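*Asks:* Structure supplied as final22.txt; contents: compact mmCIF, C-alpha atoms.
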```
# COMPACT_ATOMS: atom_id res chain seq x y z
CA MET A 1 11.93 -7.90 23.24
CA ASP A 2 8.30 -8.94 23.57
CA ALA A 3 7.21 -8.00 20.05
CA VAL A 4 8.45 -7.32 16.54
CA ILE A 5 6.58 -4.87 14.34
CA PHE A 6 7.21 -5.26 10.62
CA ALA A 7 6.56 -2.34 8.32
CA GLU A 8 5.26 -3.42 4.93
CA ASP A 9 8.48 -2.17 3.31
CA ALA A 10 10.44 -4.72 5.39
CA LEU A 11 8.33 -7.61 4.10
CA ALA A 12 9.08 -7.15 0.39
CA PRO A 13 10.55 -4.56 -1.99
CA GLY A 14 7.37 -2.80 -3.07
CA ASP A 15 8.45 0.58 -4.49
CA ARG A 16 8.21 -0.43 -8.15
CA LEU A 17 4.83 -2.06 -7.65
CA TRP A 18 3.47 1.02 -5.88
CA ASN A 19 4.83 3.44 -8.49
CA ASP A 20 3.37 1.42 -11.34
CA ALA A 21 0.05 1.21 -9.50
CA VAL A 22 -0.04 5.01 -9.25
CA GLU A 23 0.71 5.29 -12.97
CA HIS A 24 -2.14 2.87 -13.62
CA LEU A 25 -4.39 5.03 -11.47
CA ALA A 26 -3.49 8.09 -13.53
CA ARG A 27 -4.26 6.28 -16.79
CA LYS A 28 -7.47 4.66 -15.58
CA LEU A 29 -9.05 7.44 -13.55
CA GLY A 30 -7.14 10.53 -14.65
CA ARG A 31 -9.75 11.35 -17.27
CA VAL A 32 -12.05 12.55 -14.47
CA THR A 33 -9.41 14.55 -12.61
CA PRO A 34 -5.94 14.61 -14.23
CA LEU A 35 -3.18 13.03 -12.14
CA ASP A 36 0.53 13.42 -12.86
CA PRO A 37 2.36 10.46 -11.23
CA ALA A 38 5.56 12.53 -11.16
CA THR A 39 3.97 14.81 -8.58
CA VAL A 40 3.10 11.95 -6.21
CA SER A 41 5.61 11.54 -3.39
CA ASP A 42 7.80 8.44 -3.12
CA ASP A 43 6.85 8.38 0.56
CA ARG A 44 3.63 6.36 0.74
CA CYS A 45 2.30 8.15 3.81
CA VAL A 46 2.58 11.45 1.97
CA ALA A 47 1.43 9.94 -1.33
CA LEU A 48 -1.82 8.67 0.16
CA GLN A 49 -2.67 12.14 1.43
CA GLN A 50 -1.93 13.52 -2.03
CA LEU A 51 -4.15 10.91 -3.66
CA GLU A 52 -6.97 11.65 -1.21
CA ALA A 53 -6.73 15.33 -2.13
CA TRP A 54 -6.61 14.51 -5.85
CA ALA A 55 -9.61 12.20 -5.71
CA GLY A 56 -11.82 14.49 -3.66
CA GLU A 57 -15.46 13.64 -4.27
CA GLU A 58 -14.96 13.01 -7.97
CA VAL A 59 -12.88 9.81 -7.93
CA SER A 60 -14.44 7.56 -5.31
CA SER A 61 -13.05 4.19 -6.43
CA TRP A 62 -9.32 4.91 -6.44
CA GLN A 63 -8.53 2.62 -3.46
CA LEU A 64 -10.36 -0.27 -5.12
CA GLU A 65 -8.55 0.41 -8.38
CA LEU A 66 -5.21 0.30 -6.59
CA ALA A 67 -6.20 -2.96 -4.91
CA ARG A 68 -7.24 -4.44 -8.26
CA PHE A 69 -3.86 -3.57 -9.75
CA TYR A 70 -2.08 -5.14 -6.77
CA GLU A 71 -4.13 -8.32 -6.94
CA GLU A 72 -3.50 -8.75 -10.65
CA HIS A 73 0.18 -7.79 -10.74
CA ILE A 74 1.79 -8.56 -7.38
CA PRO A 75 3.26 -11.90 -8.58
CA VAL A 76 5.23 -9.99 -11.23
CA TYR A 77 6.87 -7.69 -8.68
CA VAL A 78 7.10 -9.59 -5.40
CA ARG A 79 8.24 -13.04 -4.34
CA PRO A 80 7.69 -14.65 -0.91
CA ASP A 81 11.00 -14.76 0.96
CA PRO A 82 11.61 -18.18 2.56
CA ALA A 83 14.25 -16.64 4.84
CA LEU A 84 11.85 -14.02 6.19
CA ASN A 85 9.00 -16.52 6.56
CA GLY A 86 11.28 -18.88 8.45
CA VAL A 87 12.48 -16.14 10.78
CA VAL A 88 8.92 -15.03 11.51
CA ARG A 89 7.96 -18.64 12.34
CA GLN A 90 11.04 -19.02 14.54
CA MET A 91 10.37 -15.86 16.55
CA SER A 92 6.67 -16.64 16.88
CA ALA A 93 7.46 -20.14 18.16
CA ALA A 94 9.76 -18.54 20.74
CA GLY A 95 6.85 -16.53 22.10
CA VAL A 96 7.61 -13.22 20.40
CA ARG A 97 4.48 -11.35 19.37
CA ILE A 98 4.54 -10.49 15.66
CA ALA A 99 2.54 -7.68 14.08
CA ALA A 100 2.60 -5.70 10.85
CA TRP A 101 1.92 -2.13 9.78
CA SER A 102 1.07 -0.84 6.32
CA PRO A 103 0.61 2.80 5.31
CA GLY A 104 -2.35 1.62 3.26
CA PRO A 105 -4.77 1.82 1.77
CA ALA A 106 -6.27 -1.07 3.74
CA GLU A 107 -7.02 -3.15 0.65
CA VAL A 108 -3.37 -3.05 -0.42
CA GLY A 109 -1.79 -3.99 2.91
CA ALA A 110 -3.96 -7.09 3.18
CA ILE A 111 -3.00 -8.21 -0.34
CA VAL A 112 0.73 -7.96 0.35
CA SER A 113 0.79 -9.89 3.63
CA HIS A 114 -1.55 -12.57 2.26
CA PHE A 115 0.47 -13.06 -0.92
CA LEU A 116 3.67 -13.40 1.09
CA GLY A 117 2.04 -16.10 3.22
CA LEU A 118 2.57 -14.10 6.41
CA SER A 119 -0.87 -12.81 7.35
CA ARG A 120 -1.69 -15.82 9.54
CA ARG A 121 1.54 -15.20 11.49
CA PHE A 122 0.59 -11.67 12.50
CA GLU A 123 -1.25 -11.15 15.76
CA LEU A 124 -2.37 -7.75 14.47
CA GLU A 125 -2.17 -5.88 11.19
CA ARG A 126 -2.64 -2.13 11.36
CA VAL A 127 -3.20 0.23 8.43
CA GLU A 128 -2.45 3.87 9.08
CA ALA A 129 -1.03 6.50 6.72
CA SER A 130 1.37 7.81 9.34
CA HIS A 131 5.04 7.17 10.03
CA ALA A 132 4.00 6.70 13.66
CA GLY A 133 1.81 3.72 12.69
CA PRO A 134 4.17 1.07 14.13
CA VAL A 135 4.40 2.97 17.42
CA ASN A 136 0.61 3.14 17.62
CA LEU A 137 0.49 -0.58 16.89
CA ILE A 138 2.81 -1.27 19.83
CA ALA A 139 0.35 0.57 22.06
CA GLU A 140 -2.51 -1.44 20.55
CA LEU A 141 -0.67 -4.59 21.65
CA GLY A 142 -0.67 -3.20 25.18
CA LEU A 143 3.11 -2.78 25.27
CA ASP A 144 5.52 0.04 26.00
CA PRO A 145 7.73 1.07 23.04
CA GLU A 146 10.83 -0.22 24.87
CA ALA A 147 9.41 -3.75 24.67
CA ALA A 148 9.28 -3.84 20.86
CA LEU A 149 11.52 -3.88 17.82
CA VAL A 150 10.31 -1.94 14.77
CA VAL A 151 11.66 -3.25 11.46
CA SER A 152 11.43 -0.94 8.44
CA ALA A 153 13.24 0.22 5.32
CA SER A 154 11.91 3.78 5.78
CA PRO A 155 14.10 6.36 7.52
CA HIS A 156 10.94 8.28 8.52
CA VAL A 157 9.42 5.24 10.22
CA ILE A 158 12.71 4.37 11.93
CA ALA A 159 13.03 7.95 13.20
CA GLU A 160 9.48 7.97 14.63
CA ALA A 161 9.96 4.63 16.37
CA LYS A 162 13.33 5.67 17.76
CA HIS A 163 11.86 8.94 19.04
CA ALA A 164 9.13 6.96 20.85
CA GLY A 165 11.72 4.77 22.56
CA ALA A 166 11.40 1.57 20.54
CA ALA A 167 14.38 -0.42 19.31
CA THR A 168 14.73 -0.19 15.53
CA ALA A 169 16.13 -2.45 12.82
CA ALA A 170 16.75 -0.84 9.46
CA ALA A 171 15.87 -3.45 6.83
CA VAL A 172 18.41 -3.35 4.04
CA TRP A 173 17.28 -6.63 2.44
CA THR A 174 14.26 -5.06 0.72
CA GLY A 175 16.30 -2.31 -0.92
CA GLY A 176 16.30 0.40 1.73
CA SER A 177 19.02 3.00 1.22
CA ARG A 178 21.84 2.17 3.62
CA GLU A 179 23.01 5.78 3.63
CA ASP A 180 19.56 7.24 4.35
CA LEU A 181 18.85 4.65 7.04
CA LEU A 182 22.18 5.18 8.78
CA ALA A 183 21.49 8.92 8.83
CA VAL A 184 18.65 8.40 11.34
CA LEU A 185 20.81 6.19 13.57
CA PRO A 186 18.77 2.99 13.88
CA SER A 187 19.52 0.62 16.74
CA TYR A 188 20.59 -1.98 14.18
CA LEU A 189 21.30 -2.15 10.47
CA ALA A 190 20.04 -5.57 9.37
CA GLU A 191 21.41 -6.96 6.13
CA THR A 192 19.21 -10.09 6.20
CA PRO A 193 16.14 -11.31 8.12
CA HIS A 194 18.35 -13.97 9.74
CA GLU A 195 19.78 -11.29 12.04
CA LEU A 196 16.43 -10.49 13.67
CA PRO A 197 16.09 -13.37 16.20
CA ALA A 198 19.47 -12.51 17.77
CA LEU A 199 18.51 -8.83 17.96
CA VAL A 200 15.25 -9.73 19.71
CA ALA A 201 16.94 -12.15 22.10
CA GLY A 202 19.82 -9.78 22.81
```
I need this file expressed as structure tokens, please.
*Replies:*
Amino acid sequence: MDAVIFAEDALAPGDRLWNDAVEHLARKLGRVTPLDPATVSDDRCVALQQLEAWAGEEVSSWQLELARFYEEHIPVYVRPDPALNGVVRQMSAAGVRIAAWSPGPAEVGAIVSHFLGLSRRFELERVEASHAGPVNLIAELGLDPEAALVVSASPHVIAEAKHAGAATAAAVWTGGSREDLLAVLPSYLAETPHELPALVAG
């Protein structure tokens, strides 16, 4: 493998942080246009489209409000993972190109990778509210899908990458559902980041 593409959900367990950020958004900006957090999808790619539709032209600062919540609260929800950081350093030192994809919004993805101490390790960071984002990032690196490993805890992202021809590692260590991930038949089911270098080398 020439490259490893990390989805944001493989870098840290972020579901609770995201859900609480959406609830904050509803409290802070819902007076302009009411927002029921229960109607917002658990799938971030879908959720961002829903929030765009909700905001319309009336709520222009919702991305900045989300970013503010992330900046102020991320230490409560997320901890840097020494195992993951070490594995990223190891693969990078071996010449593997490392990149990251976030569904967004852009302000949020940057906060997560910076807080985890990984942003300087990524050759590229792409923000795109599409499950095909990692595949598009592979192309941006100038590689064919077969040359890359996509690591994610999302069955939708794994399915898109697999369909494009990329190898896939389902990240269980950030809380991805083993049953849902196995249902899309990833190339590998990774219990810990320590498994990644062998998958790339193999």
*Asks:* Which of these, A:Ala99, A:Gly14, A:His24, A:Arg178, has the shortest distance to Ala148 in chain A once you count all atoms listed in the file?
*Replies:*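 Using all atoms listed in the file, Ala148 in chain A sits closest to A:Ala99.
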*Asks:* Can you work out which one of A:Ile158, A:Ile74, A:Leu196, A:Cys45 has the shortest atom-to-atom distance to Val112 in chain A, counting all atoms listed in the file?
*Replies:*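 Result for the nearest residue to Val112 in chain A: A:Ile74.
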*Asks:* Would you please work out which residue, of A:Ser102, A:Ser119, A:Thr174, A:Ser187, is nearest to Gly133 in chain A when using only C-alpha atoms?
*Replies:*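 Closest to Gly133 in chain A, using only C-alpha atoms: A:Ser102.
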*Asks:* With a distance cut-off of 9 Å and all atoms listed in the file, select the neighbouring residues of range 1-7 of chain A, excluding the residue or stretch itself and same-chain residues fewer than 3 positions from it, and output the selection as JSON, numbers by chain.
*Replies:* {"A": [10, 11, 91, 95, 96, 97, 98, 99, 100, 101, 102, 103, 133, 134, 135, 137, 138, 141, 143, 146, 147, 148, 149, 150, 151, 152, 153, 154, 157, 167, 199, 200, 201, 202]}
*Asks:* Quote the spacing between CA of Leu64 in chain A and CA of Val22 in chain A in Å to one decimal place.
*Replies:* 12.3 Å
*Asks:* Pick out the closest residue to Ala139 in chain A from this set: A:Ala166, A:Phe115, A:Ser177, A:Ala26. Count only C-alpha atoms.
*Replies:* A:Ala166
*Asks:* Using all atoms listed in the file, can you tell me which of A:Val40, A:Ala169, A:Val88, A:Ala12 comes closest to Ser113 in chain A?
*Replies:*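 For Ser113 in chain A, the nearest of the candidates is A:Ala12.
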